[in-house]
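Visitor: Enclosed is the structure file model.tsv (TSV, C-alpha atoms).
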```
chain	number	residue	atom	x	y	z
A	5	PRO	CA	108.93	-15.41	26.81
A	6	GLY	CA	108.29	-19.09	27.21
A	7	VAL	CA	111.65	-19.73	28.89
A	8	ASP	CA	111.67	-20.06	32.67
A	9	MET	CA	114.95	-18.98	34.28
A	10	PRO	CA	116.17	-19.84	37.76
A	11	SER	CA	116.24	-16.85	40.09
A	12	VAL	CA	119.88	-17.51	41.05
A	13	SER	CA	122.62	-18.64	38.67
A	14	LEU	CA	126.24	-19.55	39.23
A	15	GLY	CA	128.74	-17.12	37.76
A	16	HIS	CA	132.46	-17.52	37.25
A	17	PRO	CA	134.39	-17.89	40.53
A	18	ASP	CA	135.94	-14.78	42.07
A	19	ASP	CA	138.06	-16.65	44.61
A	20	GLY	CA	140.52	-18.27	42.22
A	21	SER	CA	138.88	-21.71	42.40
A	22	GLY	CA	138.22	-23.70	39.25
A	23	MET	CA	134.91	-23.37	37.45
A	24	ALA	CA	134.56	-27.15	37.06
A	25	GLU	CA	134.89	-27.69	40.83
A	26	GLU	CA	132.60	-24.76	41.63
A	27	LEU	CA	129.98	-26.10	39.23
A	28	GLU	CA	130.11	-29.64	40.60
A	29	LEU	CA	129.44	-28.31	44.11
A	30	TRP	CA	126.64	-26.02	42.86
A	31	LEU	CA	124.86	-28.87	41.11
A	32	LYS	CA	125.33	-31.21	44.07
A	33	LEU	CA	123.57	-28.66	46.28
A	34	GLY	CA	120.64	-28.35	43.89
A	35	GLY	CA	121.62	-25.32	41.82
A	36	VAL	CA	120.50	-25.38	38.19
A	37	GLY	CA	121.48	-21.97	36.75
A	38	ILE	CA	124.92	-21.65	35.12
A	39	ASP	CA	126.29	-18.39	33.74
A	40	THR	CA	129.41	-18.26	31.57
A	41	ALA	CA	130.82	-16.38	28.54
A	42	TYR	CA	133.35	-16.70	25.76
A	43	ILE	CA	135.64	-14.10	27.37
A	44	TYR	CA	135.56	-15.86	30.75
A	45	PHE	CA	137.70	-18.57	29.14
A	46	ASN	CA	135.99	-21.23	31.25
A	47	GLN	CA	133.35	-22.75	28.98
A	48	GLN	CA	135.34	-25.96	28.60
A	49	ASP	CA	135.49	-26.16	32.41
A	50	VAL	CA	131.70	-25.81	32.48
A	51	ALA	CA	131.49	-28.78	30.11
A	52	LYS	CA	133.84	-30.79	32.35
A	53	GLY	CA	132.00	-29.91	35.54
A	54	LEU	CA	128.61	-30.78	34.08
A	55	ALA	CA	129.89	-34.11	32.75
A	56	ALA	CA	131.50	-34.99	36.06
A	57	SER	CA	128.35	-34.12	38.02
A	58	GLY	CA	126.19	-36.70	36.26
A	59	VAL	CA	123.41	-34.12	35.95
A	60	GLU	CA	121.53	-34.25	32.64
A	61	ARG	CA	121.89	-31.31	30.25
A	62	GLY	CA	118.13	-30.78	30.25
A	63	ASP	CA	118.12	-30.35	34.03
A	64	VAL	CA	120.26	-27.19	34.03
A	65	PHE	CA	119.81	-23.69	32.61
A	66	VAL	CA	122.89	-22.49	30.74
A	67	THR	CA	123.52	-18.85	29.89
A	68	THR	CA	126.52	-17.78	27.85
A	69	LYS	CA	127.58	-14.71	25.88
A	70	ILE	CA	129.30	-13.64	22.70
A	71	PRO	CA	131.40	-10.49	22.32
A	72	CYS	CA	130.70	-7.79	19.76
A	73	LYS	CA	131.13	-8.90	16.15
A	74	LEU	CA	131.15	-6.63	13.11
A	75	THR	CA	129.07	-8.90	10.88
A	76	ARG	CA	125.93	-11.00	11.26
A	77	LYS	CA	127.81	-14.08	10.05
A	78	GLY	CA	130.60	-13.41	12.52
A	79	ALA	CA	128.10	-13.32	15.37
A	80	LEU	CA	126.58	-16.63	14.32
A	81	LYS	CA	130.06	-18.17	14.15
A	82	ALA	CA	130.73	-16.88	17.67
A	83	VAL	CA	127.58	-18.64	18.90
A	84	GLN	CA	128.74	-21.87	17.28
A	85	GLU	CA	132.17	-21.51	18.90
A	86	ASP	CA	130.55	-21.09	22.32
A	87	LEU	CA	128.58	-24.28	21.75
A	88	ARG	CA	131.71	-26.13	20.66
A	89	GLU	CA	133.54	-25.10	23.84
A	90	LEU	CA	130.55	-26.06	25.98
A	91	ASN	CA	130.13	-29.36	24.12
A	92	MET	CA	126.42	-28.59	23.75
A	93	SER	CA	124.02	-28.47	20.83
A	94	TYR	CA	122.15	-25.51	22.33
A	95	VAL	CA	122.11	-23.16	25.32
A	96	ASP	CA	119.09	-21.82	27.13
A	97	LEU	CA	120.07	-18.15	26.87
A	98	MET	CA	122.62	-16.46	24.62
A	99	LEU	CA	123.53	-12.85	25.38
A	100	MET	CA	125.43	-10.15	23.56
A	101	HIS	CA	128.04	-9.40	26.22
A	102	PHE	CA	128.23	-5.66	25.67
A	103	PRO	CA	127.40	-3.03	23.04
A	104	CYS	CA	130.19	-2.63	20.49
A	105	GLU	CA	130.75	0.97	21.61
A	106	MET	CA	132.05	-0.32	24.95
A	107	SER	CA	134.93	-1.96	23.07
A	108	LYS	CA	135.49	1.15	20.92
A	109	LEU	CA	134.21	-0.76	17.91
A	110	PRO	CA	131.80	0.65	15.30
A	111	LYS	CA	128.30	1.14	16.66
A	112	GLU	CA	126.89	-0.71	13.63
A	113	GLY	CA	128.43	-3.90	14.98
A	114	THR	CA	125.84	-3.93	17.76
A	115	SER	CA	123.03	-4.28	15.22
A	116	GLN	CA	124.93	-6.90	13.23
A	117	THR	CA	125.65	-8.94	16.36
A	118	TRP	CA	122.01	-8.79	17.40
A	119	LEU	CA	120.86	-9.97	13.98
A	120	GLY	CA	123.30	-12.89	14.28
A	121	LEU	CA	121.74	-13.80	17.63
A	122	GLN	CA	118.31	-13.74	16.01
A	123	ASP	CA	119.65	-16.16	13.40
A	124	ALA	CA	120.97	-18.44	16.15
A	125	LEU	CA	117.54	-18.40	17.80
A	126	GLY	CA	115.89	-19.34	14.51
A	127	MET	CA	118.33	-22.26	14.14
A	128	ASN	CA	117.48	-23.52	17.67
A	129	LEU	CA	121.06	-22.97	18.85
A	130	THR	CA	119.61	-21.11	21.82
A	131	ARG	CA	116.19	-21.06	23.44
A	132	ALA	CA	116.25	-17.30	24.09
A	133	ILE	CA	118.43	-14.26	23.35
A	134	GLY	CA	119.28	-11.14	25.28
A	135	VAL	CA	121.94	-8.57	26.06
A	136	SER	CA	124.29	-7.45	28.82
A	137	ASN	CA	125.50	-4.00	29.87
A	138	PHE	CA	122.92	-2.18	27.71
A	139	ASN	CA	121.40	1.18	28.61
A	140	ILE	CA	117.96	2.40	27.54
A	141	ASP	CA	119.07	4.02	24.27
A	142	GLN	CA	120.99	0.90	23.26
A	143	LEU	CA	117.99	-1.30	24.05
A	144	GLU	CA	115.73	0.96	21.99
A	145	ALA	CA	118.13	0.69	19.06
A	146	ILE	CA	118.07	-3.11	18.89
A	147	LYS	CA	114.35	-3.27	19.58
A	148	SER	CA	113.82	-1.06	16.53
A	149	LEU	CA	115.40	-3.73	14.31
A	150	GLY	CA	112.28	-5.86	14.69
A	151	GLY	CA	112.23	-9.63	14.94
A	152	ALA	CA	112.89	-11.44	18.19
A	153	GLN	CA	113.28	-9.04	21.09
A	154	PRO	CA	115.78	-9.26	23.98
A	155	VAL	CA	114.32	-11.14	26.94
A	156	VAL	CA	117.17	-10.39	29.39
A	157	ASN	CA	119.50	-7.48	30.15
A	158	GLN	CA	122.28	-8.57	32.51
A	159	CYS	CA	123.97	-5.66	34.25
A	160	ALA	CA	125.93	-4.79	37.36
A	161	MET	CA	123.52	-4.33	40.25
A	162	SER	CA	123.83	-4.34	44.01
A	163	VAL	CA	122.45	-2.63	47.09
A	164	GLY	CA	125.06	0.11	46.61
A	165	ASN	CA	124.98	0.27	42.81
A	166	HIS	CA	121.76	0.19	40.81
A	167	ASP	CA	120.50	1.92	37.67
A	168	ASP	CA	116.86	2.38	38.59
A	169	ASP	CA	115.88	4.00	35.28
A	170	THR	CA	117.14	1.07	33.19
A	171	ILE	CA	115.63	-1.46	35.59
A	172	SER	CA	112.25	0.28	35.30
A	173	TYR	CA	112.51	0.46	31.51
A	174	CYS	CA	113.31	-3.24	31.24
A	175	GLN	CA	110.48	-4.25	33.53
A	176	SER	CA	108.05	-2.09	31.52
A	177	ASN	CA	109.20	-3.72	28.28
A	178	ASN	CA	109.07	-7.40	29.26
A	179	ILE	CA	112.86	-7.62	29.58
A	180	THR	CA	114.11	-9.49	32.64
A	181	TYR	CA	116.82	-7.56	34.48
A	182	GLU	CA	119.54	-9.84	35.82
A	183	ALA	CA	122.23	-8.70	38.24
A	184	PHE	CA	125.92	-9.53	38.11
A	185	SER	CA	128.43	-8.39	40.77
A	186	PRO	CA	125.60	-8.40	43.33
A	187	LEU	CA	127.93	-7.96	46.31
A	188	ARG	CA	130.20	-5.30	44.81
A	189	HIS	CA	129.79	-1.81	46.26
A	190	VAL	CA	128.07	-3.39	49.27
A	191	ASN	CA	129.47	-2.94	52.76
A	192	LEU	CA	128.32	-6.14	54.41
A	193	SER	CA	129.37	-4.70	57.78
A	194	ASP	CA	126.98	-1.75	57.41
A	195	PRO	CA	124.70	-1.77	60.49
A	196	ARG	CA	121.66	-1.39	58.24
A	197	VAL	CA	122.58	-4.62	56.48
A	198	THR	CA	123.69	-6.57	59.54
A	199	GLY	CA	120.64	-5.44	61.52
A	200	ILE	CA	118.30	-6.79	58.86
A	201	ALA	CA	120.34	-9.98	58.66
A	202	ASP	CA	119.98	-10.43	62.43
A	203	ASN	CA	116.22	-9.91	62.13
A	204	HIS	CA	115.99	-12.92	59.83
A	205	ALA	CA	118.86	-15.02	61.24
A	206	VAL	CA	120.62	-15.01	57.85
A	207	ALA	CA	123.98	-13.82	56.55
A	208	PRO	CA	124.42	-10.17	55.43
A	209	ALA	CA	125.24	-11.38	51.91
A	210	GLN	CA	121.88	-13.15	51.77
A	211	VAL	CA	120.14	-9.88	52.62
A	212	ALA	CA	121.95	-8.12	49.76
A	213	LEU	CA	121.00	-10.85	47.31
A	214	LYS	CA	117.39	-11.05	48.53
A	215	TRP	CA	117.00	-7.30	47.99
A	216	ILE	CA	117.75	-7.88	44.28
A	217	LEU	CA	115.23	-10.70	43.99
A	218	GLN	CA	112.53	-8.65	45.70
A	219	LYS	CA	113.20	-5.87	43.20
A	220	ASP	CA	111.89	-8.46	40.69
A	221	CYS	CA	115.34	-9.02	39.23
A	222	LEU	CA	117.42	-12.19	38.89
A	223	VAL	CA	120.97	-12.65	40.11
A	224	THR	CA	124.23	-14.39	39.26
A	225	THR	CA	126.48	-15.14	42.19
A	226	SER	CA	130.01	-16.45	42.70
A	227	PRO	CA	130.41	-18.53	45.87
A	228	GLY	CA	133.45	-20.39	44.52
A	229	THR	CA	133.98	-23.72	46.23
A	230	ASN	CA	132.86	-22.44	49.64
A	231	GLU	CA	130.01	-24.79	50.46
A	232	ASP	CA	128.53	-22.53	53.13
A	233	TYR	CA	128.35	-19.59	50.71
A	234	ALA	CA	126.81	-21.76	47.99
A	235	LYS	CA	124.17	-23.06	50.41
A	236	GLU	CA	123.35	-19.49	51.46
A	237	ASP	CA	122.96	-18.41	47.84
A	238	LEU	CA	120.52	-21.27	47.24
A	239	ALA	CA	118.45	-20.56	50.36
A	240	LEU	CA	117.13	-17.11	49.50
A	241	ASP	CA	113.54	-18.34	49.47
A	242	THR	CA	113.60	-19.02	53.21
A	243	PHE	CA	112.90	-15.42	54.26
A	244	THR	CA	111.21	-12.24	53.01
A	245	LEU	CA	112.31	-8.64	53.53
A	246	SER	CA	109.65	-6.21	54.73
A	247	GLU	CA	108.79	-3.06	52.76
A	248	GLU	CA	110.61	-1.03	55.40
A	249	GLU	CA	113.73	-3.20	55.13
A	250	MET	CA	113.65	-2.94	51.33
A	251	ALA	CA	113.45	0.85	51.60
A	252	GLN	CA	116.36	0.95	54.05
A	253	LEU	CA	118.53	-1.07	51.68
A	254	SER	CA	117.50	0.96	48.64
A	255	ALA	CA	118.63	4.11	50.43
A	256	ILE	CA	122.19	2.86	51.00
```
Could you show the structure in this file as structure tokens?
Guide:
Amino acid sequence: PGVDMPSVSLGHPDDGSGMAEELELWLKLGGVGIDTAYIYFNQQDVAKGLAASGVERGDVFVTTKIPCKLTRKGALKAVQEDLRELNMSYVDLMLMHFPCEMSKLPKEGTSQTWLGLQDALGMNLTRAIGVSNFNIDQLEAIKSLGGAQPVVNQCAMSVGNHDDDTISYCQSNNITYEAFSPLRHVNLSDPRVTGIADNHAVAPAQVALKWILQKDCLVTTSPGTNEDYAKEDLALDTFTLSEEEMAQLSAI
């Protein structure tokens, strides 16, 4: 609430290219959303790429994440370490990267980490807080703690891989659902995808990404340093899928 996010953000590169170079290209082409995390080990590269681009800090939207911590103080320290690596005094969105159970750590750590994120929000170290890889029960558990509520749940989502129940829950509870790995489990050679792409004179990958946006979700993408891919990812507002096309893609 009160924080406007870009619909498409730049994630860590999947093609082996450097994050600093990928980010410089993204910003040059007009991208503003940047998605990173402590365990991506590239936050210092984000700082370098932003500095080299000449773009002002206030003109980009930075999301990062902390891993599970077993204490509230430990979570707050993790936020401060992220900021140190990014060379920033605040980020726009700080996420808990995954529930502690996913790392075989005590379930109580999830609550402690969330309370630490609430502290970070109160100290203006982040403009908003959220989670990643959370299911409905896990979201209910942290919502029951009271205080600031999660505004984002970032999860794997693609045409071939989507948790409709969790998406619906989030959208009913004022939690923005953001997709990572938006092209995983997608056969971009599938005639249903290529046929729709031909209808709009766009690339099949653009169709897969647009489907996510028209499901009222946001997306992180990883074009690397391929300028054509980056331009495609930033041109998703140039076409609209019909209801029939959306249904065809949802059925894949």
Visitor: Can you tell me which residues surround stretch 37-41 of chain A at a distance of at most 8 Å, considering all atoms listed in the file, apart from same-chain residues fewer than 3 positions away, and format the answer as a compact mmCIF listing (two decimals) with C-alpha atoms, in the frame of the given file?
Guide:
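So around_31.txt came out as:
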```
# COMPACT_ATOMS: atom_id res chain seq x y z
CA MET A 9 114.95 -18.98 34.28
CA PRO A 10 116.17 -19.84 37.76
CA VAL A 12 119.88 -17.51 41.05
CA SER A 13 122.62 -18.64 38.67
CA LEU A 14 126.24 -19.55 39.23
CA GLY A 15 128.74 -17.12 37.76
CA HIS A 16 132.46 -17.52 37.25
CA LEU A 27 129.98 -26.10 39.23
CA TYR A 44 135.56 -15.86 30.75
CA PHE A 45 137.70 -18.57 29.14
CA ASN A 46 135.99 -21.23 31.25
CA GLN A 47 133.35 -22.75 28.98
CA VAL A 50 131.70 -25.81 32.48
CA VAL A 64 120.26 -27.19 34.03
CA PHE A 65 119.81 -23.69 32.61
CA VAL A 66 122.89 -22.49 30.74
CA THR A 67 123.52 -18.85 29.89
CA THR A 68 126.52 -17.78 27.85
CA LYS A 69 127.58 -14.71 25.88
CA ILE A 70 129.30 -13.64 22.70
CA ASP A 86 130.55 -21.09 22.32
CA HIS A 101 128.04 -9.40 26.22
CA THR A 224 124.23 -14.39 39.26
```
Visitor: In Å, rounded to a single decimal, give me how far atom CA of A:Met92 is from atom CA of A:Gly113.
Guide: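 Distance between the two atoms: 26.3 Å.
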Visitor: Give me the residues near A:Ser93 as a ChimeraX atom specification, where near means some atom within 10 Å (using all atoms listed in the file) and where sequence neighbours in that chain fewer than 3 positions away do not count.
Guide: /A:84,86-88,90,128-130
Visitor: Give me, please, the distance in Å between atom CA of A:Leu187 and atom CA of A:Cys104, quoted to one decimal.
Guide: 26.5 Å
Visitor: By how many Å are atom CA of A:Glu144 and atom CA of A:Val163 apart?
Guide: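 Taking atom CA of A:Glu144 and atom CA of A:Val163, their separation equals 26.2 Å.
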Visitor: With a cut-off of 10 Å, could you pull out the residues of stretch 58-166 of chain A touching stretch 194-217 of chain A and give me the nearest pair of atoms for each, distance in Å to one decimal, using only C-alpha atoms, ordered by chain and ascending number, as a Markdown table?
Guide:
```
| residue | atom | partner | partner_atom | distance |
| --- | --- | --- | --- | --- |
| A:Met161 | CA | A:Ile216 | CA | 7.9 |
| A:Ser162 | CA | A:Ile216 | CA | 7.0 |
| A:Val163 | CA | A:Ala212 | CA | 6.1 |
| A:Gly164 | CA | A:Ala212 | CA | 9.3 |
| A:His166 | CA | A:Ile216 | CA | 9.7 |
```
Visitor: Calculated over all atoms listed in the file, which of the candidates A:Met100, A:Gln122, A:Asn177, A:Asn165 has the smallest distance to A:Gly150?
Guide: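 Smallest distance to A:Gly150 is found for A:Gln122.
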Visitor: Neighbours of A:Gly20 within 12 Å (all atoms listed in the file; same-chain residues fewer than 4 positions away dropped), as a list in words?
Guide: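 Here the qualifying residues turn out to be His16, Ala24, Glu25, Glu26, Ser226, Pro227, Gly228, Thr229 and Asn230 of chain A.
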Visitor: Ranking A:Leu74, A:Val95, A:Leu253, A:Leu31 by minimum distance to A:Leu54 and counting all atoms listed in the file, which one comes first?
Guide: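 Distance minimum relative to A:Leu54 lands on A:Leu31.
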Visitor: (125.4, -5.0, 36.0) in this file's frame - what residues fall within 8 Å of it? Use all atoms listed in the file and give the answer as a list in words.
Guide: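 The answer, in the requested form, is Ser136, Asn137, Gln158, Cys159, Ala160, Met161, His166, Glu182, Ala183, Phe184 and Ser185 of chain A.
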Visitor: Excluding A:Val7 and any residue of its chain fewer than 3 positions from it, enumerate the residues within 10 Å of it, using all atoms listed in the file, and give them as a list in words.
Guide: Pro10, Phe65, Asp96, Leu97, Arg131, Ala132 and Val155 of chain A
Visitor: Just the residues within 12 Å of A:Asp123, please, counting all atoms listed in the file, with nothing from its chain fewer than 6 positions along; format it as a list in words.
Guide: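 The residues satisfying every condition are Arg76, Lys77, Gly78, Ala79, Leu80, Lys81, Ala82, Val83, Gln84, Met98, Gln116, Thr117, Leu129, Thr130, Arg131, Ala132, Ile133, Gly151 and Ala152 of chain A.
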